[in-house]
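Structure first, then comments.
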Amino acid sequence: MSILVAADFDDGEWQAWWPALVAALPAERLVRSVAEAGADTIDVALVANPPLGALQGLPHLRLIQSLWAGVDKLLADPSVPVDVPLARMVDPAMNAAMAETALWAVLSLHRGFFAYAARQRAAEWRAQAQRRADEITVAVLGLGQMGRTAAQTLARHGYRVLGWSTRPCAIDGIETYAGEASLPQVLAAAQIVVNLLPLTPATRGLFDTTTFEQMQQGASLVNLARGAHVVEADLLAALERGPLRHAVLDVFAVEPLPAEHPFWSHRQVTVLPHIAAQTDPRTAAQIVARNVQALRAGLGPHALIDRRRGY
Ligand code: NAP
Ligand code: GLV
C-alpha cells in the first residue's frame, strides 16, 4: 500500500518534510500524487491544506492524518470522506511553541512593550506605570492541547489565569469555567483574552460586537487560533471606539493578510504571519509514524477528531 502526502507546501517546506517523513517511515511507500501510486494502493493520506477534492476516489483509504493541529478546513471540505478516521497533529513541541507565543503576547501587553516599540519609532522617551503579573487577569479560551499548556505557562509566570472550555475540568493554578453561559463572566474578569479555541460552527465569529462589549475597558485580544473566530469589522470598531486597547493577531479571515488590509498599519494591532505554533517536521514525522504503525498493527490511531464536536 502507499501513503499519499497531499500538502500545499512550498519548495522549502517539501525539503524539510519529505526527508523527515521518509526517515520516519522507512518501510512505507510515500507518494506526492495519486497518479504516482494509483488510487487503489493508497490507504493513508498525510495532509496539510490539501487542494479541495484531493482525498476523493481513494477506495482503500483507512486514515487521514492532518499535519496541522486544526482541522477546520478539512471538515469544511465536503469531498473529504466522512467514514475514514481523521487524526490531527498533537505534538508537545507545538504546545510549547504556542505557550511561548501566548506568554510573549501577554507579557508585551502587560508591560506595554508594543506601546514602547511605537514610541521608539516616534523618538518618544516616556515611561508608564508598572504593574505586577499577579495584578493582571488573563482569560484563556480553549483548554485543549494548546490552551492548557499556555494557561499553565502564564500561571507559572504569576498571572491570574481563567480558563474556558466546553466541559468542566480542573487544572492546578487555573480558575476554570465551562459552557456558553459562563463566557460573559470570564470575558468581564480579564484584561487580556487569549483565544485558543478550535474553529467550529459554535466558535465561528465568537468575537463580535456582543462579546467585545462584555470585555473590560482597555482589554486586549490575542488571537492565536483561527481568523474566522473574529468578526474583523467588529474588532476594528472595538479598537476605535472601545473597549479594546490592542489586538495581537496571528491568524486572519484571509491569509496571507492582503497588503491593503487595515490591520497592517493599525497602531493598536500587532500582526504575525500565522506562526504562533508551526508544525516541526522533526517531531511531527515521528508522531505520524507512530499513528501509521498503530494502524498497520490493527490498533486505533491517536488524536482522532470527533466529527460531531468538530474538533
Ligand atoms: P484541542 O486540543 O482540540 O482543544 C480545544 C479546546 O477548546 C478544548 O478545551 C475544548 O473544550 C474547547 N472548546 C471547543 N469548542 C468550545 C466551545 N464552543 N466553547 C468552549 N470551549 C470550547 O485544540 P488545540 O490543539 O488546543 O488547538 C486549538 C486550536 O489552535 C486549533 O484548532 C487550531 O485552530 C489553532 N492552532 C493555531 C496555530 C497557530 O500557529 N496559530 C497552531 C496550532 C493550532 P473541551 O476540553 O471541553 O472539549
Ligand atoms: C496551525 O494553525 C495548525 O492548526 O497546526
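Labels for the C-alpha cells follow display order: chains A, B, ..., residues from 1 in each chain, ligands from 1.
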
Expected answer as a PyMOL selection string: residues within 10 Å of ligand 2, only C-alpha atoms and all ligand atoms: chain A and resi 48-49+66-73+88-91+94+98+198-199+224-226+250-251+274-280

Leaving out region 163-165 of chain A and any residue of its chain fewer than 2 positions from it, which residues lie within 8 Å of it when counting only C-alpha atoms, given as a ChimeraX atom specification? /A:139-143,151,161,167-169,174-179,183,186

Write the residues of the preceding selection, restricted to N, CA and C atoms, as a compact mmCIF listing (two decimals), in the first residue's frame.
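This is the output file out_4.txt:
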# COMPACT_ATOMS: atom_id res chain seq x y z
N ALA A 139 -7.65 35.59 30.46
CA ALA A 139 -8.60 34.51 30.14
C ALA A 139 -8.06 33.73 28.97
N VAL A 140 -7.96 32.43 29.11
CA VAL A 140 -7.54 31.56 28.01
C VAL A 140 -8.78 30.79 27.58
N LEU A 141 -9.23 31.04 26.35
CA LEU A 141 -10.43 30.36 25.84
C LEU A 141 -9.98 29.13 25.05
N GLY A 142 -10.41 27.96 25.52
CA GLY A 142 -9.94 26.69 24.95
C GLY A 142 -8.86 26.14 25.86
N LEU A 143 -9.14 24.97 26.43
CA LEU A 143 -8.19 24.35 27.37
C LEU A 143 -7.77 22.98 26.87
N ALA A 151 -2.10 28.22 29.37
CA ALA A 151 -2.66 28.69 30.65
C ALA A 151 -1.69 28.38 31.80
N VAL A 161 -4.97 33.36 36.02
CA VAL A 161 -5.46 32.81 34.75
C VAL A 161 -6.83 32.15 34.93
N ARG A 167 -16.45 21.42 28.39
CA ARG A 167 -16.75 20.54 29.52
C ARG A 167 -15.96 20.98 30.75
N PRO A 168 -16.56 20.85 31.95
CA PRO A 168 -15.84 21.26 33.16
C PRO A 168 -14.55 20.46 33.32
N CYS A 169 -13.50 21.13 33.78
CA CYS A 169 -12.24 20.43 34.03
C CYS A 169 -11.51 21.15 35.16
N ILE A 174 -5.34 27.20 37.83
CA ILE A 174 -6.20 27.90 36.86
C ILE A 174 -7.63 27.88 37.38
N GLU A 175 -8.34 29.02 37.28
CA GLU A 175 -9.77 29.05 37.62
C GLU A 175 -10.53 28.66 36.36
N THR A 176 -11.18 27.52 36.39
CA THR A 176 -11.79 27.04 35.15
C THR A 176 -13.32 27.26 35.12
N TYR A 177 -13.79 27.52 33.93
CA TYR A 177 -15.21 27.74 33.67
C TYR A 177 -15.59 26.92 32.44
N ALA A 178 -16.85 26.50 32.39
CA ALA A 178 -17.27 25.70 31.23
C ALA A 178 -18.64 26.16 30.74
N GLY A 179 -18.78 26.11 29.44
CA GLY A 179 -20.09 26.34 28.82
C GLY A 179 -20.33 27.80 28.47
N LEU A 183 -19.29 32.44 29.63
CA LEU A 183 -18.34 33.26 28.86
C LEU A 183 -18.37 34.75 29.24
N VAL A 186 -16.29 35.33 32.29
CA VAL A 186 -14.86 35.13 32.03
C VAL A 186 -14.29 36.35 31.30

Selection near Glu100 (chain A), 10 Å with only C-alpha atoms, sequence-local residues under 5 positions removed, as a list in words: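 Residues meeting the cut-off are Met94, Asn95, Ala105, Val106, Thr149, Ala150, Thr153, Leu154, Ala276 and Ala277 of chain A.
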
Open item on the list: Residues within 10 Å of Pro201 (chain A), please, as a list in words. Count only C-alpha atoms; anything in the same chain fewer than 5 positions from it doesn't count.
Closed with: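 So, after excluding close chain neighbours, the residues are Asp72, Leu206, His229, Arg309 and Gly310 of chain A.
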
Worksheet item: Out of A:Val47, A:Ala190, A:Ala96, A:Ala122, which residue has the shortest atom-to-atom distance to ligand 1 when counting only C-alpha atoms and all ligand atoms?
Response: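 For ligand 1, the nearest of the candidates is A:Ala96.
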
Close residues, Gly53 (chain A) itself excluded, 9 Å, only C-alpha atoms, min 2 positions apart in chain, as a PyMOL selection string: chain A and resi 50-51+55-57+77-80

Export, as a PDB file, in the first residue's frame, the selected residues with N, CA, C and O atoms.
ATOM      1  N   PRO A  50      -4.699  20.325   1.958  1.00  0.00           N
ATOM      2  CA  PRO A  50      -4.718  19.702   0.618  1.00  0.00           C
ATOM      3  C   PRO A  50      -5.682  20.448  -0.295  1.00  0.00           C
ATOM      4  O   PRO A  50      -6.635  21.057   0.188  1.00  0.00           O
ATOM      5  N   PRO A  51      -5.436  20.406  -1.605  1.00  0.00           N
ATOM      6  CA  PRO A  51      -6.398  21.045  -2.506  1.00  0.00           C
ATOM      7  C   PRO A  51      -7.764  20.380  -2.366  1.00  0.00           C
ATOM      8  O   PRO A  51      -7.843  19.180  -2.054  1.00  0.00           O
ATOM      9  N   LEU A  55      -8.794  14.115  -1.632  1.00  0.00           N
ATOM     10  CA  LEU A  55      -8.974  12.803  -0.985  1.00  0.00           C
ATOM     11  C   LEU A  55     -10.164  12.034  -1.549  1.00  0.00           C
ATOM     12  O   LEU A  55     -10.601  11.033  -0.985  1.00  0.00           O
ATOM     13  N   GLN A  56     -10.656  12.514  -2.688  1.00  0.00           N
ATOM     14  CA  GLN A  56     -11.792  11.844  -3.332  1.00  0.00           C
ATOM     15  C   GLN A  56     -11.314  10.631  -4.129  1.00  0.00           C
ATOM     16  O   GLN A  56     -10.183  10.642  -4.641  1.00  0.00           O
ATOM     17  N   GLY A  57     -12.166   9.610  -4.225  1.00  0.00           N
ATOM     18  CA  GLY A  57     -11.873   8.483  -5.120  1.00  0.00           C
ATOM     19  C   GLY A  57     -10.715   7.628  -4.659  1.00  0.00           C
ATOM     20  O   GLY A  57      -9.958   7.115  -5.485  1.00  0.00           O
ATOM     21  N   ASP A  77     -14.445  20.656   3.902  1.00  0.00           N
ATOM     22  CA  ASP A  77     -14.357  20.167   2.522  1.00  0.00           C
ATOM     23  C   ASP A  77     -15.302  18.966   2.374  1.00  0.00           C
ATOM     24  O   ASP A  77     -15.033  17.885   2.903  1.00  0.00           O
ATOM     25  N   PRO A  78     -16.429  19.137   1.669  1.00  0.00           N
ATOM     26  CA  PRO A  78     -17.418  18.059   1.581  1.00  0.00           C
ATOM     27  C   PRO A  78     -16.886  16.817   0.867  1.00  0.00           C
ATOM     28  O   PRO A  78     -17.481  15.744   0.981  1.00  0.00           O
ATOM     29  N   SER A  79     -15.756  16.947   0.166  1.00  0.00           N
ATOM     30  CA  SER A  79     -15.240  15.782  -0.554  1.00  0.00           C
ATOM     31  C   SER A  79     -14.335  14.911   0.332  1.00  0.00           C
ATOM     32  O   SER A  79     -13.933  13.820  -0.084  1.00  0.00           O
ATOM     33  N   VAL A  80     -14.028  15.361   1.555  1.00  0.00           N
ATOM     34  CA  VAL A  80     -13.226  14.523   2.461  1.00  0.00           C
ATOM     35  C   VAL A  80     -14.134  13.428   3.009  1.00  0.00           C
ATOM     36  O   VAL A  80     -15.174  13.729   3.602  1.00  0.00           O
TER      37      VAL A  80
END

Just the residues within 9 Å of Ile42 (chain A), please, counting only C-alpha atoms, with nothing from its chain fewer than 5 positions along; format it as a PyMOL selection string. chain A and resi 1-4+34+37+58-62

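Picture a line from CA of Gln145 (chain A) to CA of Gly205 (chain A); it runs 21.8 Å.
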
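If only C-alpha atoms are the atoms counted, then among A:Leu107, A:Ala237, A:Val230, A:Ala118 the closest residue to Gln130 (chain A) is A:Leu107.
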
ask   = Hey, what's within 10 Å of Val288 (chain A) if we count only C-alpha atoms and toss same-chain stuff fewer than 2 positions away? As a PyMOL selection string, please?
value = chain A and resi 21+24-25+46+65-67+87-90+281+283-286+290-294+301-302

Among listed residues A:Ala54, A:Leu272, A:Ala123, A:Val138, nearest ligand 1 (using only C-alpha atoms and all ligand atoms):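 Result for the nearest residue to ligand 1: A:Leu272.
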
Practice problem: Run DSSP on the backbone of this structure and report the residues of region 156-285 of chain A it assigns to alpha helix (DSSP H), as a VMD selection string. | Solution: chain A and resid 156 183 to 189 209 to 213 232 to 241 281 to 285

Atom pair CA of Gln185 (chain A) + CA of Phe113 (chain A), distance 27.7 Å

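Checking A:Glu180, A:Glu28, A:Asp234, A:Glu13 one by one against ligand 1, counting only C-alpha atoms and all ligand atoms, you find the shortest gap at A:Glu180.
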
Item checked: Among the residues A:Glu213, A:Glu255, A:Glu260, A:Glu135, the one that comes closest to ligand 1 [using only C-alpha atoms and all ligand atoms] ->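 The answer is A:Glu255, which sits nearest to ligand 1.
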
Considering only C-alpha atoms and all ligand atoms, can you say which of A:Ala97, A:Val31, A:Ala202, A:Ala259 comes closest to ligand 1?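 Going through A:Ala97, A:Val31, A:Ala202, A:Ala259 one by one, the smallest distance to ligand 1 is for A:Ala202.
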
Students should find that atom 18 (N, counted along the ligand's line) of ligand 1 and CA of Val222 (chain A) are spaced 17.6 Å
